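Structure first, commentary second.
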Amino acid sequence: MSTTIDPKIAAETEKRRAFAIIAHPDAGKTTLTEKLLLYGGAIHLAGHVRARKDRKKTRSDWMKMEQDRGISVSTAALQFAYEGYYLNLLDTPGHEDFSEDTYRTLMAVDAAVMLLDAGKGVEPQTIKLFRVCQDRGIPIVTFINKMDMPALDPFALMDNIEKVLGITAVPQLWPMGSGQDFKGVYDLRSSKVHRYERVAGGAFPSPEETGGLDDPELEKIMDPELYTNFREGAELAQEALPPFDPEEFRTGRISPVFFGSAGNNFGVQLFLDRFIELCPPPEPILLRDERILEPAATDFTGFIFKLQANMNQKHRDRVAFLRVISGAFERGMSVNHARTKKSVRLSSPVSFFGQDRSTVDEAYPGDIIGLINPGTFQIGDILYTGSVEPAFEGIPRFAPEMFARLIPTDTSKLKAFRKGLQQLSEEGVVQVFTAPDGQGVLGAVGNLQFDVFRFRMEDEYGAPCRLESLGYECSRWIRDEDRSKFSSYDWVIKDQEDRPVVLFKSEYRLENFLKNNPEVPLYEHPPYVLPA
Ligand code: G4P
């Protein structure tokens, strides 16, 4: 692996930001995404903003199910340019039910925007997503949305973030009231006031005026109590709250906090400008063999973090999403495929914008590209040039928490059934296991995964099936030699790589086993096999 740095790649890397928005459903993720794209020159989205219903259809018609259920179950990557930067926004599903897809997407970003509803603070889904980001040690920027609606007190919101998530919240802006009384934000760093005015539809940036804290206008636009509260709060925030330490931020220990209203497009640009400045471009990665992989190295490296079949029902094609880690990607280049040890030519790379796709000629660290996948790629696959395979950690599989027996309901469709099962399990929609009697067992971390699986089997493959829930609540990978340690009450099945996995009836049973058999190792992720 070459550690030669290419100045052009280094310059391109500096301009990349790869991030995701994490939020509880309804906090305004779709709305914020649209507003960000608006600043990125994606002007044609403005129409969608006004006609929300249309927009919902366009954005999510990859899967009919999303329309039917009003949720986003697929994950897209959108790239937009802003002020000379290229922002890669990876869309995480916003349904309350958690899925492995979300975890994997968060493996491909360098930062996250945590979006909170100002009236609600931290919600259950925010916590789960936050934990994944925190485990990865990536920076998290907080945007408190819907300030035009009645909001919790800003100090209470800071407190809520710290108490529930254990991260120090450092406000960058301070709100002037909320709801009907929302008058704008005070920038604690530049000491400038940005005033808010309601604009119909919010399709264009809210007019903003700037002035200092002593601007006499402020007293005129706020009633005396609101004004006093705001001044005291802003002064206290400026003096008493912890200083912003960039290093603590980069490692995910403190989170800068912004306030605004995505719906009214207020505070979004302020946020975006600061986000680009605060968030790091793709950084060097420490490999398992202790070597450092520099993003600007001349050798190309990328990994597949998501597969999606049938993105276009007409073409019935499968797409593998690749995140560039190092080097420059060029259309038509040949790369080594680490798992199969074969050389692959990447001749038809694409980027997506809803249903529209365009050909990608080049890409740099932080970028996401789609590769048409005739079955070549799997999740976690590493593609690279150069002579040494980079030893990545890989994308973890998660120990499923719910299990079901899979039963085809139309025996004349067995061929389609097998194809669907194979493709959807490759995509990671569900995990597939084999019971000792040879029957298939599906595993998932959330019920939604089962629903998506069943729907897609029927819709995309014409192979209807039934899932019969099995009464197990948790699972762990085990060593082959430990099989006999488990009673028949627990159930040892095999994953697709023939590794034994034990299913426990309950969390209590698992804990009991651990207590009584401390010498038997149980693995939450499949034991990792080092590449030869
Ligand atoms: P999600 O993707 O996180 O689930 O949220 P989404 O953007 O769909 O927003 C959820 C609801 O919150 C939407 O209302 C949206 O208009 C509203 N919203 C988003 N940002 C703001 C904001 O800053 N202020 C206010 N007041 N509302 C906001 P909806 O009723 O579900 O849809 P629609 O009737 O607006 O189409």
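Residues are referred to by chain and number: the chain letter is A, B, ... according to the order shown in the structure tokens, the number counts from 1 in that chain, and ligands are numbered separately from 1 in the order shown.
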
Name all residues at most 12 Å from Gly166 (chain A) (count only C-alpha atoms; drop same-chain ones fewer than 2 positions away) and give them as a compact mmCIF listing (two decimals) with C-alpha atoms, in the first residue's frame.
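Listed below is the output, result-v8.txt:
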# COMPACT_ATOMS: atom_id res chain seq x y z
CA VAL A 122 -34.17 13.95 22.84
CA ILE A 127 -30.85 7.89 21.53
CA PHE A 130 -26.73 8.72 18.78
CA ARG A 131 -25.20 5.66 20.46
CA GLN A 134 -20.84 7.78 19.63
CA MET A 158 -29.03 21.68 26.89
CA ASP A 159 -29.66 19.84 30.13
CA ASN A 160 -31.79 17.23 28.38
CA ILE A 161 -29.02 16.49 25.83
CA GLU A 162 -26.42 16.17 28.57
CA LYS A 163 -28.51 14.07 30.95
CA VAL A 164 -29.98 11.68 28.40
CA THR A 168 -21.78 18.18 26.63
CA ALA A 169 -23.99 20.57 24.66
CA GLY A 252 -17.69 13.09 19.87
CA ARG A 253 -17.49 14.31 23.48
CA ILE A 254 -19.12 17.70 23.00
CA SER A 255 -21.77 18.78 20.54

| request: Kindly compile the residues surrounding ligand 1 within 6 Å, counting only C-alpha atoms and all ligand atoms, and format them as a list in words. | output: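 Written in the requested form, the residues are Pro25, Asp26, Ala27, Gly28, Lys29, Thr30, Thr31, Arg52, Asn145, Lys146, Asp148, Met149, Ser261, Ala262, Gly263 and Asn264 of chain A.
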
| Can you tell me, as a ChimeraX atom specification, what residues are no more than 8 Å from Val432 (chain A) when counting only C-alpha atoms, ignoring any on the same chain fewer than 6 positions away? | /A:425,440-443,495-496

Now that the selection is made, can you save its residues with all heavy atoms as a PDB file, in the first residue's frame?
ATOM      1  N   SER A 425     -31.039 -11.300   1.243  1.00  0.00           N
ATOM      2  CA  SER A 425     -30.142 -11.534   2.374  1.00  0.00           C
ATOM      3  C   SER A 425     -28.761 -10.958   2.074  1.00  0.00           C
ATOM      4  O   SER A 425     -28.095 -10.412   2.942  1.00  0.00           O
ATOM      5  CB  SER A 425     -30.060 -13.012   2.736  1.00  0.00           C
ATOM      6  OG  SER A 425     -29.357 -13.709   1.745  1.00  0.00           O
ATOM      7  N   GLY A 440     -35.019 -22.657   6.714  1.00  0.00           N
ATOM      8  CA  GLY A 440     -34.501 -21.296   6.844  1.00  0.00           C
ATOM      9  C   GLY A 440     -35.079 -20.580   8.060  1.00  0.00           C
ATOM     10  O   GLY A 440     -36.261 -20.705   8.361  1.00  0.00           O
ATOM     11  N   VAL A 441     -34.213 -19.832   8.741  1.00  0.00           N
ATOM     12  CA  VAL A 441     -34.645 -18.990   9.859  1.00  0.00           C
ATOM     13  C   VAL A 441     -34.189 -17.576   9.546  1.00  0.00           C
ATOM     14  O   VAL A 441     -33.042 -17.367   9.141  1.00  0.00           O
ATOM     15  CB  VAL A 441     -34.013 -19.465  11.189  1.00  0.00           C
ATOM     16  CG1 VAL A 441     -34.301 -18.476  12.316  1.00  0.00           C
ATOM     17  CG2 VAL A 441     -34.511 -20.856  11.567  1.00  0.00           C
ATOM     18  N   LEU A 442     -35.080 -16.615   9.682  1.00  0.00           N
ATOM     19  CA  LEU A 442     -34.694 -15.226   9.453  1.00  0.00           C
ATOM     20  C   LEU A 442     -34.460 -14.538  10.779  1.00  0.00           C
ATOM     21  O   LEU A 442     -35.174 -14.793  11.755  1.00  0.00           O
ATOM     22  CB  LEU A 442     -35.794 -14.468   8.715  1.00  0.00           C
ATOM     23  CG  LEU A 442     -36.228 -14.973   7.339  1.00  0.00           C
ATOM     24  CD1 LEU A 442     -37.166 -13.956   6.696  1.00  0.00           C
ATOM     25  CD2 LEU A 442     -35.023 -15.211   6.439  1.00  0.00           C
ATOM     26  N   GLY A 443     -33.472 -13.653  10.806  1.00  0.00           N
ATOM     27  CA  GLY A 443     -33.197 -12.882  12.017  1.00  0.00           C
ATOM     28  C   GLY A 443     -33.157 -11.404  11.677  1.00  0.00           C
ATOM     29  O   GLY A 443     -32.775 -11.021  10.569  1.00  0.00           O
ATOM     30  N   ASP A 495     -25.099 -19.645  10.686  1.00  0.00           N
ATOM     31  CA  ASP A 495     -25.273 -18.501   9.790  1.00  0.00           C
ATOM     32  C   ASP A 495     -24.836 -18.917   8.387  1.00  0.00           C
ATOM     33  O   ASP A 495     -24.526 -20.087   8.150  1.00  0.00           O
ATOM     34  CB  ASP A 495     -24.538 -17.255  10.316  1.00  0.00           C
ATOM     35  CG  ASP A 495     -23.024 -17.315  10.155  1.00  0.00           C
ATOM     36  OD1 ASP A 495     -22.521 -18.302   9.590  1.00  0.00           O
ATOM     37  OD2 ASP A 495     -22.350 -16.374  10.607  1.00  0.00           O
ATOM     38  N   GLN A 496     -24.831 -17.959   7.461  1.00  0.00           N
ATOM     39  CA  GLN A 496     -24.573 -18.341   6.067  1.00  0.00           C
ATOM     40  C   GLN A 496     -23.136 -18.769   5.806  1.00  0.00           C
ATOM     41  O   GLN A 496     -22.848 -19.378   4.795  1.00  0.00           O
ATOM     42  CB  GLN A 496     -24.987 -17.216   5.136  1.00  0.00           C
ATOM     43  CG  GLN A 496     -26.492 -17.228   4.979  1.00  0.00           C
ATOM     44  CD  GLN A 496     -26.957 -16.165   4.030  1.00  0.00           C
ATOM     45  OE1 GLN A 496     -26.686 -14.991   4.251  1.00  0.00           O
ATOM     46  NE2 GLN A 496     -27.646 -16.558   2.975  1.00  0.00           N
TER      47      GLN A 496
END

| query | Out of A:Phe275, A:Tyr86, A:Phe377, A:Phe259, which residue has the shortest atom-to-atom distance to Leu307 (chain A) when counting only C-alpha atoms? | reply |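 Between A:Phe275, A:Tyr86, A:Phe377, A:Phe259, the residue approaching Leu307 (chain A) most closely is A:Phe377.
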
| request: Apply DSSP to the backbone of this structure and, from region 372-489 of chain A, keep only the residues in helix (DSSP H, G or I); write these as a ChimeraX atom specification. | output: /A:411-427,447-461,480-485

Written selection (N, CA, C and O atoms) as a short mmCIF file (atom, residue, chain, number, x, y, z; two decimals), in the first residue's frame:
data_model
loop_
_atom_site.label_atom_id
_atom_site.label_comp_id
_atom_site.auth_asym_id
_atom_site.auth_seq_id
_atom_site.Cartn_x
_atom_site.Cartn_y
_atom_site.Cartn_z
N THR A 411 -46.04 -22.70 -3.74
CA THR A 411 -44.95 -23.64 -4.06
C THR A 411 -44.61 -23.66 -5.55
O THR A 411 -43.57 -24.19 -5.93
N SER A 412 -45.43 -23.02 -6.38
CA SER A 412 -45.06 -22.98 -7.80
C SER A 412 -44.03 -21.88 -8.06
O SER A 412 -43.53 -21.72 -9.17
N LYS A 413 -43.72 -21.08 -7.03
CA LYS A 413 -42.79 -19.96 -7.21
C LYS A 413 -41.47 -20.18 -6.50
O LYS A 413 -40.81 -19.25 -6.07
N LEU A 414 -41.09 -21.45 -6.36
CA LEU A 414 -39.90 -21.72 -5.54
C LEU A 414 -38.61 -21.13 -6.10
O LEU A 414 -37.73 -20.71 -5.35
N LYS A 415 -38.53 -21.07 -7.44
CA LYS A 415 -37.30 -20.54 -8.05
C LYS A 415 -37.15 -19.05 -7.70
O LYS A 415 -36.09 -18.60 -7.26
N ALA A 416 -38.25 -18.33 -7.89
CA ALA A 416 -38.25 -16.90 -7.57
C ALA A 416 -38.02 -16.70 -6.06
O ALA A 416 -37.34 -15.77 -5.63
N PHE A 417 -38.58 -17.60 -5.29
CA PHE A 417 -38.45 -17.54 -3.84
C PHE A 417 -36.96 -17.62 -3.45
O PHE A 417 -36.45 -16.82 -2.68
N ARG A 418 -36.26 -18.59 -4.05
CA ARG A 418 -34.83 -18.75 -3.73
C ARG A 418 -34.02 -17.55 -4.15
O ARG A 418 -33.15 -17.08 -3.45
N LYS A 419 -34.36 -17.03 -5.33
CA LYS A 419 -33.62 -15.87 -5.84
C LYS A 419 -33.84 -14.66 -4.91
O LYS A 419 -32.90 -13.97 -4.53
N GLY A 420 -35.11 -14.44 -4.54
CA GLY A 420 -35.43 -13.32 -3.65
C GLY A 420 -34.71 -13.46 -2.32
O GLY A 420 -34.11 -12.50 -1.82
N LEU A 421 -34.76 -14.65 -1.78
CA LEU A 421 -34.13 -14.89 -0.48
C LEU A 421 -32.63 -14.61 -0.56
O LEU A 421 -32.06 -13.94 0.30
N GLN A 422 -32.02 -15.09 -1.63
CA GLN A 422 -30.58 -14.89 -1.77
C GLN A 422 -30.23 -13.40 -1.93
O GLN A 422 -29.36 -12.87 -1.25
N GLN A 423 -30.98 -12.71 -2.82
CA GLN A 423 -30.65 -11.31 -3.07
C GLN A 423 -30.94 -10.43 -1.87
O GLN A 423 -30.16 -9.54 -1.54
N LEU A 424 -32.05 -10.67 -1.23
CA LEU A 424 -32.40 -9.80 -0.10
C LEU A 424 -31.51 -10.07 1.11
O LEU A 424 -31.24 -9.16 1.89
N SER A 425 -31.04 -11.30 1.24
CA SER A 425 -30.14 -11.53 2.37
C SER A 425 -28.76 -10.96 2.07
O SER A 425 -28.09 -10.41 2.94
N GLU A 426 -28.36 -10.99 0.80
CA GLU A 426 -27.10 -10.35 0.41
C GLU A 426 -27.16 -8.86 0.70
O GLU A 426 -26.20 -8.24 1.12
N GLU A 427 -28.32 -8.28 0.43
CA GLU A 427 -28.52 -6.86 0.68
C GLU A 427 -28.51 -6.55 2.16
O GLU A 427 -28.41 -5.41 2.57
N ASN A 447 -38.62 -5.25 13.82
CA ASN A 447 -39.72 -5.88 13.09
C ASN A 447 -39.88 -5.38 11.67
O ASN A 447 -40.30 -6.10 10.78
N LEU A 448 -39.50 -4.11 11.49
CA LEU A 448 -39.63 -3.50 10.18
C LEU A 448 -38.88 -4.31 9.12
O LEU A 448 -39.33 -4.45 7.98
N GLN A 449 -37.73 -4.86 9.51
CA GLN A 449 -36.94 -5.64 8.56
C GLN A 449 -37.76 -6.82 8.02
O GLN A 449 -37.70 -7.13 6.83
N PHE A 450 -38.52 -7.47 8.88
CA PHE A 450 -39.37 -8.59 8.44
C PHE A 450 -40.45 -8.10 7.48
O PHE A 450 -40.73 -8.72 6.47
N ASP A 451 -41.07 -6.97 7.84
CA ASP A 451 -42.14 -6.44 6.98
C ASP A 451 -41.60 -6.11 5.60
O ASP A 451 -42.22 -6.41 4.59
N VAL A 452 -40.42 -5.46 5.58
CA VAL A 452 -39.82 -5.08 4.31
C VAL A 452 -39.51 -6.33 3.50
O VAL A 452 -39.79 -6.42 2.31
N PHE A 453 -38.97 -7.33 4.17
CA PHE A 453 -38.60 -8.58 3.49
C PHE A 453 -39.82 -9.21 2.82
O PHE A 453 -39.82 -9.53 1.65
N ARG A 454 -40.87 -9.37 3.61
CA ARG A 454 -42.07 -10.04 3.09
C ARG A 454 -42.67 -9.25 1.93
O ARG A 454 -43.03 -9.80 0.90
N PHE A 455 -42.73 -7.95 2.10
CA PHE A 455 -43.29 -7.09 1.06
C PHE A 455 -42.48 -7.21 -0.23
O PHE A 455 -43.02 -7.40 -1.31
N ARG A 456 -41.17 -7.14 -0.09
CA ARG A 456 -40.33 -7.15 -1.29
C ARG A 456 -40.32 -8.53 -1.97
O ARG A 456 -40.24 -8.62 -3.19
N MET A 457 -40.40 -9.59 -1.18
CA MET A 457 -40.46 -10.93 -1.76
C MET A 457 -41.66 -11.03 -2.70
O MET A 457 -41.58 -11.58 -3.79
N GLU A 458 -42.76 -10.48 -2.26
CA GLU A 458 -43.97 -10.58 -3.06
C GLU A 458 -43.96 -9.56 -4.20
O GLU A 458 -44.22 -9.89 -5.35
N ASP A 459 -43.61 -8.32 -3.87
CA ASP A 459 -43.69 -7.22 -4.83
C ASP A 459 -42.63 -7.34 -5.93
O ASP A 459 -42.92 -7.12 -7.09
N GLU A 460 -41.40 -7.66 -5.53
CA GLU A 460 -40.32 -7.65 -6.50
C GLU A 460 -40.03 -9.02 -7.11
O GLU A 460 -39.53 -9.11 -8.22
N TYR A 461 -40.32 -10.08 -6.36
CA TYR A 461 -39.98 -11.41 -6.88
C TYR A 461 -41.22 -12.28 -7.16
O TYR A 461 -41.10 -13.39 -7.65
N ASP A 480 -17.28 -23.29 17.58
CA ASP A 480 -17.77 -24.62 17.23
C ASP A 480 -17.67 -25.60 18.39
O ASP A 480 -18.60 -26.37 18.67
N GLU A 481 -16.55 -25.52 19.11
CA GLU A 481 -16.31 -26.49 20.17
C GLU A 481 -17.23 -26.30 21.39
O GLU A 481 -17.25 -27.13 22.28
N ASP A 482 -17.99 -25.19 21.42
CA ASP A 482 -18.85 -24.95 22.58
C ASP A 482 -20.30 -25.38 22.38
O ASP A 482 -21.13 -25.21 23.27
N ARG A 483 -20.61 -25.92 21.20
CA ARG A 483 -21.99 -26.32 20.90
C ARG A 483 -22.64 -27.14 22.01
O ARG A 483 -23.79 -26.91 22.37
N SER A 484 -21.89 -28.08 22.54
CA SER A 484 -22.47 -29.01 23.51
C SER A 484 -22.78 -28.35 24.86
O SER A 484 -23.46 -28.94 25.70
N LYS A 485 -22.31 -27.11 25.06
CA LYS A 485 -22.54 -26.44 26.35
C LYS A 485 -23.99 -25.94 26.48
O LYS A 485 -24.40 -25.50 27.54
#
